[in-house]
$ cat coords29.txt   # compact mmCIF, C-alpha atoms
# COMPACT_ATOMS: atom_id res chain seq x y z
CA MET A 1 104.96 41.28 77.05
CA ARG A 2 104.35 37.53 77.09
CA ARG A 3 104.92 37.52 80.85
CA LEU A 4 101.98 39.83 81.49
CA HIS A 5 99.08 38.22 83.33
CA ALA A 6 95.46 38.76 82.28
CA LEU A 7 95.04 41.10 85.27
CA ASP A 8 98.02 43.12 84.02
CA TRP A 9 96.20 43.72 80.74
CA VAL A 10 93.07 44.72 82.66
CA GLY A 11 95.13 47.20 84.67
CA ILE A 12 96.76 48.66 81.58
CA GLY A 13 93.34 48.90 79.94
CA LEU A 14 91.90 50.73 82.96
CA PHE A 15 94.85 53.13 83.02
CA VAL A 16 94.44 53.90 79.31
CA ALA A 17 90.67 54.28 79.74
CA GLY A 18 91.20 56.72 82.61
CA GLY A 19 93.62 58.77 80.51
CA VAL A 20 91.17 58.81 77.61
CA ALA A 21 88.37 59.95 79.95
CA VAL A 22 90.48 62.89 81.10
CA ALA A 23 91.60 63.76 77.56
CA ALA A 24 88.03 63.62 76.28
CA GLY A 25 86.70 65.82 79.07
CA LEU A 26 84.55 63.08 80.58
CA LEU A 27 86.53 63.58 83.77
CA PRO A 28 87.62 67.20 84.31
CA VAL A 29 91.36 67.67 84.77
CA ALA A 30 90.86 69.25 88.18
CA GLU A 31 88.88 66.24 89.41
CA ALA A 32 91.48 63.84 87.96
CA GLU A 33 94.26 65.73 89.76
CA GLY A 34 92.23 65.60 92.97
CA THR A 35 91.78 61.84 92.56
CA VAL A 36 95.50 61.29 92.03
CA ARG A 37 96.35 63.42 95.07
CA ARG A 38 93.80 61.49 97.14
CA ILE A 39 95.20 58.09 96.17
CA ALA A 40 98.88 59.11 96.33
CA PRO A 41 99.22 57.86 99.96
CA LEU A 42 97.55 54.61 98.91
CA LEU A 43 100.00 54.16 96.02
CA ALA A 44 102.92 54.91 98.36
CA PHE A 45 101.63 52.30 100.78
CA LEU A 46 101.25 49.71 98.03
CA GLY A 47 104.75 50.25 96.71
CA ALA A 48 106.37 50.20 100.15
CA VAL A 49 104.46 47.25 101.56
CA ILE A 50 105.18 45.03 98.54
CA VAL A 51 108.91 45.81 98.80
CA LEU A 52 108.71 45.07 102.53
CA ALA A 53 107.03 41.71 101.87
CA GLU A 54 109.47 40.70 99.12
CA LEU A 55 112.57 41.46 101.20
CA THR A 56 111.07 39.90 104.32
CA ALA A 57 110.52 36.69 102.36
CA ARG A 58 114.13 36.86 101.13
CA ALA A 59 115.26 37.17 104.76
CA GLU A 60 113.33 33.92 105.52
CA VAL A 61 111.12 35.43 108.22
CA PHE A 62 108.04 33.76 106.76
CA ASP A 63 109.71 30.34 106.79
CA VAL A 64 110.43 30.65 110.50
CA LEU A 65 106.86 31.78 111.29
CA ALA A 66 105.53 28.88 109.23
CA ASP A 67 107.48 26.48 111.45
CA ARG A 68 105.79 27.90 114.54
CA LEU A 69 102.33 27.37 113.03
CA ALA A 70 103.20 23.80 112.07
CA VAL A 71 104.27 23.06 115.66
CA LEU A 72 100.93 24.34 116.98
CA ALA A 73 99.05 21.95 114.66
CA ARG A 74 100.89 18.89 116.06
CA GLY A 75 100.84 17.00 112.77
CA ARG A 76 97.06 17.12 112.18
CA THR A 77 95.55 18.85 109.17
CA VAL A 78 92.29 19.58 111.01
CA ALA A 79 94.25 21.34 113.75
CA LEU A 80 96.31 23.16 111.13
CA PHE A 81 93.09 24.34 109.51
CA GLY A 82 91.87 25.74 112.83
CA VAL A 83 95.20 27.45 113.50
CA CYS A 84 95.28 29.05 110.04
CA VAL A 85 91.66 30.25 110.23
CA ALA A 86 92.15 31.72 113.70
CA PHE A 87 95.47 33.35 112.79
CA ALA A 88 94.08 34.95 109.62
CA ALA A 89 90.88 36.13 111.33
CA VAL A 90 92.63 37.65 114.36
CA THR A 91 95.29 39.32 112.20
CA THR A 92 92.60 40.90 110.04
CA MET A 93 90.43 42.06 112.93
CA ILE A 94 93.21 43.54 115.05
CA LEU A 95 95.44 44.92 112.30
CA ASN A 96 93.70 45.22 108.92
CA LEU A 97 92.91 43.18 105.86
CA ASP A 98 95.78 44.58 103.76
CA THR A 99 98.32 43.53 106.39
CA THR A 100 96.86 40.02 106.31
CA ALA A 101 97.07 39.87 102.52
CA VAL A 102 100.67 41.11 102.36
CA LEU A 103 102.35 39.55 105.39
CA LEU A 104 100.28 36.44 106.14
CA THR A 105 99.99 35.09 102.58
CA PRO A 106 103.75 34.40 102.32
CA VAL A 107 103.63 32.67 105.72
CA MET A 108 100.85 30.37 104.50
CA LEU A 109 102.73 29.60 101.28
CA ALA A 110 105.92 28.87 103.20
CA LEU A 111 103.95 26.62 105.56
CA ALA A 112 102.48 24.62 102.67
CA ARG A 113 105.90 24.27 101.08
CA ARG A 114 107.56 23.05 104.26
CA LEU A 115 104.80 20.52 105.06
CA GLY A 116 104.43 19.25 101.51
CA LEU A 117 100.78 20.40 101.34
CA PRO A 118 99.02 21.94 98.32
CA PRO A 119 99.46 25.73 98.66
CA LEU A 120 96.05 26.76 97.34
CA PRO A 121 93.93 25.88 100.43
CA LEU A 122 96.22 27.88 102.70
CA ALA A 123 96.42 30.78 100.26
CA VAL A 124 92.64 31.02 99.82
CA THR A 125 92.22 30.89 103.60
CA THR A 126 94.19 34.11 103.78
CA VAL A 127 92.34 36.08 101.12
CA TRP A 128 88.83 35.00 102.08
CA LEU A 129 89.36 35.83 105.76
CA ALA A 130 91.20 39.04 104.90
CA ASN A 131 87.87 40.23 103.53
CA THR A 132 85.22 38.46 105.60
CA ALA A 133 86.97 38.97 108.97
CA SER A 134 87.28 42.74 108.49
CA LEU A 135 84.00 43.78 110.16
CA LEU A 136 84.76 43.91 113.87
CA LEU A 137 86.78 47.10 114.48
CA PRO A 138 87.19 50.43 112.66
CA VAL A 139 90.89 49.67 112.05
CA SER A 140 90.06 46.35 110.36
CA ASN A 141 89.12 48.03 107.08
CA LEU A 142 89.27 51.52 105.61
CA THR A 143 85.56 51.31 104.84
CA ASN A 144 84.94 50.72 108.57
CA LEU A 145 86.72 53.96 109.41
CA LEU A 146 84.49 55.81 106.96
CA ALA A 147 81.33 54.20 108.35
CA ALA A 148 82.29 54.66 112.01
CA GLY A 149 82.95 58.35 111.42
CA HIS A 150 79.68 58.76 109.55
CA VAL A 151 77.52 57.30 112.31
CA GLY A 152 79.66 58.44 115.24
CA LEU A 153 80.65 55.04 116.64
CA GLY A 154 83.84 54.59 118.66
CA PRO A 155 85.79 51.29 118.56
CA VAL A 156 83.90 49.68 121.47
CA ALA A 157 80.46 50.76 120.23
CA PHE A 158 81.36 49.71 116.70
CA ALA A 159 82.42 46.26 117.90
CA GLY A 160 79.19 46.05 119.91
CA GLN A 161 77.22 46.49 116.69
CA MET A 162 79.33 44.20 114.54
CA TRP A 163 80.50 41.27 116.70
CA LEU A 164 77.59 38.99 115.77
CA PRO A 165 77.75 39.78 112.02
CA GLN A 166 81.51 39.19 112.22
CA LEU A 167 81.02 35.79 113.86
CA ALA A 168 78.46 34.86 111.20
CA ALA A 169 80.77 35.87 108.33
CA ILE A 170 83.75 33.94 109.74
CA SER A 171 81.59 30.86 110.33
CA VAL A 172 80.37 30.82 106.71
CA THR A 173 83.92 31.31 105.46
CA ALA A 174 85.37 28.53 107.62
CA VAL A 175 82.74 26.01 106.51
CA ALA A 176 83.26 26.89 102.84
CA LEU A 177 87.04 26.70 103.16
CA TRP A 178 86.88 23.22 104.66
CA VAL A 179 84.35 21.86 102.17
CA VAL A 180 85.82 23.38 99.00
CA TYR A 181 89.57 23.43 99.67
CA TRP A 182 90.76 21.71 102.86
CA ARG A 183 88.75 18.49 103.06
CA ARG A 184 90.70 16.79 100.27
CA THR A 185 94.02 17.50 101.98
CA ALA A 186 93.02 16.12 105.40
CA ARG A 187 95.83 13.85 106.58
CA ARG A 188 98.56 13.73 109.16
CA PHE A 189 101.90 15.35 108.41
CA THR A 190 105.32 15.46 109.98
CA PRO A 191 106.63 18.95 110.75
CA ALA A 192 109.97 19.68 109.12
CA ALA A 193 113.10 20.37 111.09
CA PRO A 194 113.22 23.92 112.50
CA HIS A 195 114.22 26.40 109.84
CA ARG A 196 117.39 28.39 110.42
CA PRO A 197 117.90 31.58 108.39
CA ARG A 198 121.07 31.80 106.33
CA ASP A 199 121.74 35.38 107.45
CA LEU A 200 120.64 35.85 111.04
CA ALA A 201 121.33 39.60 110.98
CA LEU A 202 119.08 40.16 107.96
CA PHE A 203 116.42 37.95 109.56
CA ARG A 204 116.42 40.07 112.71
CA VAL A 205 116.25 43.36 110.82
CA ALA A 206 113.41 42.05 108.62
CA LEU A 207 111.48 40.78 111.63
CA GLY A 208 112.01 44.11 113.34
CA ALA A 209 110.83 45.98 110.25
CA CYS A 210 107.62 43.92 110.17
CA LEU A 211 107.04 44.62 113.87
CA VAL A 212 107.56 48.34 113.24
CA PHE A 213 104.95 48.19 110.51
CA VAL A 214 102.50 46.27 112.72
CA ALA A 215 103.06 48.73 115.59
CA GLY A 216 102.40 51.61 113.22
CA VAL A 217 99.10 50.03 112.21
CA LEU A 218 98.10 49.47 115.84
CA PHE A 219 98.89 53.07 116.76
CA GLU A 220 97.05 54.37 113.68
CA VAL A 221 100.12 55.81 111.98
CA PRO A 222 99.30 56.45 108.29
CA LEU A 223 99.83 53.21 106.40
CA TRP A 224 102.12 54.81 103.82
CA LEU A 225 104.38 56.15 106.57
CA ALA A 226 104.49 52.93 108.61
CA SER A 227 105.21 50.77 105.57
CA GLY A 228 107.65 53.32 104.13
CA VAL A 229 109.77 53.52 107.28
CA ALA A 230 109.85 49.72 107.58
CA ALA A 231 110.76 49.25 103.90
CA VAL A 232 113.52 51.88 103.96
CA ALA A 233 115.09 50.29 107.04
CA LEU A 234 115.06 46.88 105.39
CA ILE A 235 116.44 48.23 102.11
CA GLY A 236 119.32 49.73 104.10
CA ALA A 237 120.10 46.35 105.65
CA PHE A 238 120.01 44.59 102.28
CA THR A 239 122.25 47.27 100.78
CA VAL A 240 124.90 46.26 103.26
CA ARG A 241 124.45 42.47 103.35
CA ASP A 242 122.67 41.34 100.15
CA ARG A 243 122.72 44.06 97.50
CA GLY A 244 121.86 41.60 94.73
CA ALA A 245 118.32 41.27 96.13
CA LEU A 246 117.62 44.94 95.37
CA ARG A 247 116.33 44.91 91.81
CA PRO A 248 113.84 47.12 89.90
CA GLY A 249 111.34 44.26 89.79
CA LEU A 250 110.67 44.71 93.50
CA LEU A 251 108.49 47.72 92.72
CA PRO A 252 104.96 46.50 91.85
CA TRP A 253 104.38 48.73 88.82
CA ARG A 254 101.55 46.52 87.53
CA LEU A 255 99.56 46.96 90.72
CA LEU A 256 100.18 50.72 90.84
CA VAL A 257 99.00 51.11 87.24
CA PHE A 258 95.92 48.98 87.98
CA VAL A 259 94.88 50.98 91.06
CA THR A 260 95.46 54.37 89.41
CA GLY A 261 93.45 53.40 86.34
CA MET A 262 90.67 51.88 88.42
CA PHE A 263 90.17 55.02 90.50
CA LEU A 264 90.17 57.28 87.44
CA VAL A 265 87.58 55.11 85.72
CA VAL A 266 85.40 54.85 88.83
CA GLU A 267 85.61 58.62 89.35
CA THR A 268 84.43 59.08 85.77
CA LEU A 269 81.55 56.63 86.27
CA GLY A 270 80.59 58.39 89.51
CA ALA A 271 80.40 61.73 87.75
CA HIS A 272 78.11 60.21 85.11
CA GLY A 273 75.57 58.41 87.23
CA LEU A 274 77.19 55.70 89.39
CA ASP A 275 76.37 57.52 92.65
CA ARG A 276 72.75 58.07 91.57
CA PHE A 277 72.53 54.45 90.42
CA ALA A 278 73.73 53.22 93.82
CA GLY A 279 71.15 55.41 95.56
CA THR A 280 68.42 54.00 93.33
CA LEU A 281 69.42 50.40 94.10
CA ILE A 282 69.53 51.03 97.84
CA GLY A 283 66.38 53.15 98.00
CA ALA A 284 65.18 54.88 101.11
CA GLY A 285 65.40 51.63 103.05
CA GLU A 286 64.18 52.17 106.56
CA SER A 287 62.25 55.27 105.55
CA THR A 288 59.92 53.21 103.35
CA GLY A 289 57.93 52.15 106.36
CA THR A 290 57.93 51.74 110.10
CA SER A 291 57.57 47.99 110.30
CA ALA A 292 60.41 45.62 111.03
CA GLY A 293 59.93 44.10 107.59
CA ALA A 294 60.56 47.43 105.87
CA GLY A 295 63.73 47.91 107.90
CA ALA A 296 64.93 44.41 107.09
CA ALA A 297 64.21 44.90 103.40
CA GLY A 298 66.21 48.12 103.38
CA ALA A 299 69.16 46.46 105.13
CA PHE A 300 69.28 43.51 102.76
CA ARG A 301 68.94 45.84 99.77
CA ALA A 302 71.88 47.93 101.00
CA ALA A 303 74.01 44.83 101.63
CA ALA A 304 73.22 43.41 98.19
CA THR A 305 74.03 46.72 96.54
CA GLY A 306 77.37 46.90 98.34
CA LEU A 307 78.23 43.34 97.35
CA GLY A 308 77.33 43.89 93.69
CA LEU A 309 79.07 47.23 93.26
CA ALA A 310 82.20 46.06 95.11
CA ASN A 311 82.68 43.27 92.57
CA VAL A 312 82.12 45.66 89.67
CA VAL A 313 84.18 48.70 90.67
CA ASN A 314 85.98 47.90 94.01
CA ASN A 315 84.67 48.00 97.56
CA LEU A 316 85.94 51.46 98.55
CA PRO A 317 84.22 53.46 95.79
CA ALA A 318 81.22 51.14 96.18
CA TYR A 319 80.90 52.13 99.84
CA ILE A 320 81.30 55.83 99.08
CA ALA A 321 78.69 55.65 96.32
CA GLY A 322 76.28 53.65 98.50
CA GLU A 323 76.71 55.91 101.52
CA GLY A 324 75.33 58.80 99.50
CA GLY A 325 72.13 56.86 98.84
CA ILE A 326 71.35 56.26 102.53
CA GLY A 327 69.54 58.92 104.48
CA GLU A 328 70.73 60.36 107.78
CA GLY A 329 69.85 58.29 110.84
CA HIS A 330 69.61 54.97 109.02
CA ARG A 331 72.44 53.34 110.94
CA THR A 332 71.34 49.75 110.39
CA GLN A 333 71.13 50.23 106.64
CA LEU A 334 74.56 51.88 106.54
CA LEU A 335 76.12 49.01 108.52
CA ALA A 336 74.40 46.54 106.18
CA LEU A 337 76.04 48.34 103.24
CA LEU A 338 79.33 47.98 105.09
CA ILE A 339 78.78 44.22 105.40
CA GLY A 340 78.18 44.01 101.65
CA VAL A 341 81.37 45.86 100.71
CA ASN A 342 83.52 44.01 103.28
CA VAL A 343 82.28 40.43 103.04
CA GLY A 344 81.22 40.62 99.40
CA PRO A 345 84.46 41.43 97.48
CA LEU A 346 85.34 37.82 96.68
CA ALA A 347 83.88 37.30 93.21
CA ALA A 348 86.35 39.52 91.28
CA PRO A 349 90.13 40.00 91.66
CA TRP A 350 89.79 43.80 91.76
CA ALA A 351 86.92 43.86 94.25
CA SER A 352 89.18 44.86 97.16
CA LEU A 353 92.72 46.08 97.57
CA ALA A 354 93.47 43.08 99.81
CA THR A 355 92.48 40.69 97.02
CA LEU A 356 94.75 42.53 94.58
CA LEU A 357 97.63 42.35 97.04
CA TRP A 358 96.94 38.64 97.55
CA TRP A 359 97.07 37.91 93.81
CA GLU A 360 100.41 39.73 93.69
CA ARG A 361 101.80 37.60 96.55
CA CYS A 362 100.53 34.38 94.94
CA ARG A 363 102.15 35.31 91.65
CA ALA A 364 105.43 36.10 93.44
CA GLY A 365 105.21 32.67 95.10
CA ASP A 366 104.52 30.86 91.80
CA VAL A 367 101.11 29.67 93.03
CA GLN A 368 98.64 28.90 90.26
CA VAL A 369 95.12 30.02 91.18
CA PRO A 370 92.39 28.45 88.97
CA PRO A 371 90.33 31.56 88.13
CA VAL A 372 86.94 29.90 87.57
CA ARG A 373 87.04 27.77 90.70
CA PHE A 374 88.31 30.65 92.81
CA LEU A 375 85.74 33.15 91.57
CA LEU A 376 82.78 30.78 91.77
CA GLY A 377 83.72 29.72 95.29
CA GLY A 378 84.27 33.34 96.24
CA ALA A 379 80.85 34.31 94.88
CA VAL A 380 79.15 31.63 96.99
CA VAL A 381 80.96 32.75 100.15
CA ALA A 382 80.25 36.41 99.37
CA ILE A 383 76.52 35.87 98.95
CA ALA A 384 76.05 33.44 101.85
CA GLY A 385 78.33 35.40 104.18
CA THR A 386 76.71 38.74 103.38
CA ALA A 387 73.20 37.34 103.84
CA LEU A 388 73.93 35.63 107.16
CA ALA A 389 75.93 38.58 108.52
CA THR A 390 73.13 41.00 107.58
CA ALA A 391 70.60 38.77 109.31
CA ALA A 392 72.86 38.75 112.39
CA LEU A 393 73.02 42.55 112.26
CA LEU A 394 69.21 42.73 112.30
CA LEU A 395 69.16 40.46 115.34
$ encode --input "coords29.txt" --output "structure tokens"
Amino acid sequence: MRRLHALDWVGIGLFVAGGVAVAAGLLPVAEAEGTVRRIAPLLAFLGAVIVLAELTARAEVFDVLADRLAVLARGRTVALFGVCVAFAAVTTMILNLDTTAVLLTPVMLALARRLGLPPLPLAVTTVWLANTASLLLPVSNLTNLLAAGHVGLGPVAFAGQMWLPQLAAISVTAVALWVVYWRRTARRFTPAAPHRPRDLALFRVALGACLVFVAGVLFEVPLWLASGVAAVALIGAFTVRDRGALRPGLLPWRLLVFVTGMFLVVETLGAHGLDRFAGTLIGAGESTGTSAGAGAAGAFRAAATGLGLANVVNNLPAYIAGEGGIGEGHRTQLLALLIGVNVGPLAAPWASLATLLWWERCRAGDVQVPPVRFLLGGAVVAIAGTALATAALLL
């Protein structure tokens, strides 16, 4: 029990609170069962992708990828910063933010370790861009898929609407990362000798498993299936070559308990006024008038509501609750809400699934994250990034 992190206690508390809500009738049993069925694929994805990441790290794939990034930087921290920002942003936009949090975070930590750099700047680069770089394409974030379907935008049309807000959000994030985290580490470094995996066969299978997972994401295979197939293949290889690595602790029970409890509690809150509250905060937006000012006010109100609710309950239920408060045909306001729930979830560890996954990877890598500094910096980036991206959307 002493090994439990503060977030573990929050997760256990949420799980207990969700069970109490069901037992007390605040959340009907049928609705609770529906919630569990709905999140079952998400829980399967979480379990499989964490196992995949743990075993991939054991196979030293991340160490080899870290070497390649170090070579690109040519010994300069400024160049390394640019490489890391670009790599995290492109990975998030083309794949999705959860893939960035799970697979790129260990690469960044391995890179810091091999270059003798503080790990925190590289780690925060991953989590901030996993959220703020997830606006461009429907595949970049689950909330994007919901929004694109609601307003009938295909990938090209969606990118046409969101490319300027995406550029604005990444620009704010990059500036904040340099000023708050990277500037103090600016110096030249000498890349380490090329890393050679101890077990080349395991390395190849692990790399192949990651590529299978990435291909599944690109071809829109369900995340639970893509991660499950990759994890099972890698478990099979470790069973043959390194059975000692297969231990019960690979399964992220803390995270699964946290997510289950969070959804039960949010479902209960939604049934008792959260959806109506979100609609009240957003208002009619563009329907309040015909002037450009009324439309802008509605967009900023939607973005602010998404940002606030995401950091209270999580960005996915925040989007769903906010969507119900926006009338049909108000595309700009809906996309502004999307900006709030994508760029905004940086001020609380539970605000997005990617942030939760990132905390889990940092804990597995023994990286200490100062909570106050991280959350205050995240709040500044969330507010500034959401505001600038919403203004870019209106342009």
$ atom_distance --input "coords29.txt" --atom1 "CA of Ala201 in chain A" --atom2 "CA of Val229 in chain A"
18.5 Å
$ closest_residue --input "coords29.txt" --among "A:Arg38, A:Arg58, A:Arg301, A:Arg373" --to "Phe203 in chain A" --atoms "all atoms listed in the file"
A:Arg58
$ closest_residue --input "coords29.txt" --among "A:Ala230, A:Leu52, A:Ala110, A:Leu146" --to "His195 in chain A" --atoms "only C-alpha atoms"
A:Ala110
$ atom_distance --input "coords29.txt" --atom1 "CA of Phe87 in chain A" --atom2 "CA of Leu223 in chain A"
21.3 Å
$ closest_residue --input "coords29.txt" --among "A:Val341, A:Leu346, A:Leu250, A:Leu120" --to "Val367 in chain A" --atoms "all atoms listed in the file"
A:Leu120
$ atom_distance --input "coords29.txt" --atom1 "CA of Thr260 in chain A" --atom2 "CA of Leu14 in chain A"
8.2 Å
$ closest_residue --input "coords29.txt" --among "A:Ala348, A:Ile170, A:Leu202, A:Val313" --to "Ala384 in chain A" --atoms "all atoms listed in the file"
A:Ile170
$ closest_residue --input "coords29.txt" --among "A:Pro121, A:Gly47, A:Gly306, A:Gly34" --to "Leu251 in chain A" --atoms "only C-alpha atoms"
A:Gly47
$ closest_residue --input "coords29.txt" --among "A:Leu55, A:Leu218, A:Ala304, A:Leu200" --to "Pro138 in chain A" --atoms "only C-alpha atoms"
A:Leu218
$ axis_aligned_box --input "coords29.txt" --around "range 331-340 of chain A" --padding-each-side "5 Å" --output "JSON"
{"center_x": 75.2, "center_y": 48.7, "center_z": 106.3, "size_x": 18.2, "size_y": 19.3, "size_z": 19.3}
$ build_atoms --input "coords29.txt" --residues "range 232-251 of chain A" --atoms "N, CA, C and O atoms" --output "PDB file, keeping the file's coordinate frame"
ATOM      1  N   VAL A 232     112.240  51.187 104.087  1.00  0.00           N
ATOM      2  CA  VAL A 232     113.520  51.880 103.960  1.00  0.00           C
ATOM      3  C   VAL A 232     114.561  51.259 104.891  1.00  0.00           C
ATOM      4  O   VAL A 232     115.728  51.062 104.506  1.00  0.00           O
ATOM      5  N   ALA A 233     114.155  50.928 106.110  1.00  0.00           N
ATOM      6  CA  ALA A 233     115.090  50.290 107.040  1.00  0.00           C
ATOM      7  C   ALA A 233     115.585  48.953 106.502  1.00  0.00           C
ATOM      8  O   ALA A 233     116.784  48.630 106.579  1.00  0.00           O
ATOM      9  N   LEU A 234     114.673  48.186 105.914  1.00  0.00           N
ATOM     10  CA  LEU A 234     115.060  46.880 105.390  1.00  0.00           C
ATOM     11  C   LEU A 234     115.911  47.005 104.132  1.00  0.00           C
ATOM     12  O   LEU A 234     116.862  46.233 103.930  1.00  0.00           O
ATOM     13  N   ILE A 235     115.614  47.990 103.298  1.00  0.00           N
ATOM     14  CA  ILE A 235     116.440  48.230 102.110  1.00  0.00           C
ATOM     15  C   ILE A 235     117.860  48.586 102.536  1.00  0.00           C
ATOM     16  O   ILE A 235     118.843  48.134 101.928  1.00  0.00           O
ATOM     17  N   GLY A 236     117.992  49.373 103.605  1.00  0.00           N
ATOM     18  CA  GLY A 236     119.320  49.730 104.100  1.00  0.00           C
ATOM     19  C   GLY A 236     120.103  48.495 104.535  1.00  0.00           C
ATOM     20  O   GLY A 236     121.297  48.363 104.236  1.00  0.00           O
ATOM     21  N   ALA A 237     119.421  47.578 105.216  1.00  0.00           N
ATOM     22  CA  ALA A 237     120.100  46.350 105.650  1.00  0.00           C
ATOM     23  C   ALA A 237     120.521  45.495 104.464  1.00  0.00           C
ATOM     24  O   ALA A 237     121.628  44.943 104.434  1.00  0.00           O
ATOM     25  N   PHE A 238     119.661  45.386 103.457  1.00  0.00           N
ATOM     26  CA  PHE A 238     120.010  44.590 102.280  1.00  0.00           C
ATOM     27  C   PHE A 238     121.109  45.251 101.459  1.00  0.00           C
ATOM     28  O   PHE A 238     121.897  44.563 100.805  1.00  0.00           O
ATOM     29  N   THR A 239     121.174  46.572 101.482  1.00  0.00           N
ATOM     30  CA  THR A 239     122.250  47.270 100.780  1.00  0.00           C
ATOM     31  C   THR A 239     123.615  46.867 101.336  1.00  0.00           C
ATOM     32  O   THR A 239     124.599  46.740 100.591  1.00  0.00           O
ATOM     33  N   VAL A 240     123.650  46.633 102.617  1.00  0.00           N
ATOM     34  CA  VAL A 240     124.900  46.260 103.260  1.00  0.00           C
ATOM     35  C   VAL A 240     125.204  44.770 103.111  1.00  0.00           C
ATOM     36  O   VAL A 240     126.343  44.383 102.833  1.00  0.00           O
ATOM     37  N   ARG A 241     124.194  43.911 103.228  1.00  0.00           N
ATOM     38  CA  ARG A 241     124.450  42.470 103.350  1.00  0.00           C
ATOM     39  C   ARG A 241     124.034  41.634 102.140  1.00  0.00           C
ATOM     40  O   ARG A 241     124.498  40.513 101.986  1.00  0.00           O
ATOM     41  N   ASP A 242     123.126  42.134 101.295  1.00  0.00           N
ATOM     42  CA  ASP A 242     122.670  41.340 100.150  1.00  0.00           C
ATOM     43  C   ASP A 242     122.178  42.275  99.048  1.00  0.00           C
ATOM     44  O   ASP A 242     121.003  42.304  98.704  1.00  0.00           O
ATOM     45  N   ARG A 243     123.107  43.040  98.477  1.00  0.00           N
ATOM     46  CA  ARG A 243     122.720  44.060  97.500  1.00  0.00           C
ATOM     47  C   ARG A 243     122.090  43.464  96.249  1.00  0.00           C
ATOM     48  O   ARG A 243     121.275  44.104  95.583  1.00  0.00           O
ATOM     49  N   GLY A 244     122.414  42.220  95.928  1.00  0.00           N
ATOM     50  CA  GLY A 244     121.860  41.600  94.730  1.00  0.00           C
ATOM     51  C   GLY A 244     120.354  41.416  94.793  1.00  0.00           C
ATOM     52  O   GLY A 244     119.704  41.254  93.747  1.00  0.00           O
ATOM     53  N   ALA A 245     119.776  41.437  96.003  1.00  0.00           N
ATOM     54  CA  ALA A 245     118.320  41.270  96.130  1.00  0.00           C
ATOM     55  C   ALA A 245     117.573  42.545  95.750  1.00  0.00           C
ATOM     56  O   ALA A 245     116.357  42.493  95.517  1.00  0.00           O
ATOM     57  N   LEU A 246     118.270  43.661  95.681  1.00  0.00           N
ATOM     58  CA  LEU A 246     117.620  44.940  95.370  1.00  0.00           C
ATOM     59  C   LEU A 246     117.609  45.135  93.853  1.00  0.00           C
ATOM     60  O   LEU A 246     118.589  45.537  93.256  1.00  0.00           O
ATOM     61  N   ARG A 247     116.476  44.838  93.260  1.00  0.00           N
ATOM     62  CA  ARG A 247     116.330  44.910  91.810  1.00  0.00           C
ATOM     63  C   ARG A 247     115.080  45.729  91.478  1.00  0.00           C
ATOM     64  O   ARG A 247     114.161  45.841  92.309  1.00  0.00           O
ATOM     65  N   PRO A 248     115.008  46.301  90.281  1.00  0.00           N
ATOM     66  CA  PRO A 248     113.840  47.120  89.900  1.00  0.00           C
ATOM     67  C   PRO A 248     112.523  46.367  89.989  1.00  0.00           C
ATOM     68  O   PRO A 248     111.474  46.960  90.263  1.00  0.00           O
ATOM     69  N   GLY A 249     112.565  45.046  89.761  1.00  0.00           N
ATOM     70  CA  GLY A 249     111.340  44.260  89.790  1.00  0.00           C
ATOM     71  C   GLY A 249     110.650  44.211  91.131  1.00  0.00           C
ATOM     72  O   GLY A 249     109.507  43.749  91.226  1.00  0.00           O
ATOM     73  N   LEU A 250     111.312  44.664  92.201  1.00  0.00           N
ATOM     74  CA  LEU A 250     110.670  44.710  93.500  1.00  0.00           C
ATOM     75  C   LEU A 250     109.492  45.677  93.519  1.00  0.00           C
ATOM     76  O   LEU A 250     108.521  45.482  94.259  1.00  0.00           O
ATOM     77  N   LEU A 251     109.558  46.726  92.727  1.00  0.00           N
ATOM     78  CA  LEU A 251     108.490  47.720  92.720  1.00  0.00           C
ATOM     79  C   LEU A 251     107.299  47.179  91.918  1.00  0.00           C
ATOM     80  O   LEU A 251     107.441  46.824  90.744  1.00  0.00           O
TER      81      LEU A 251
END
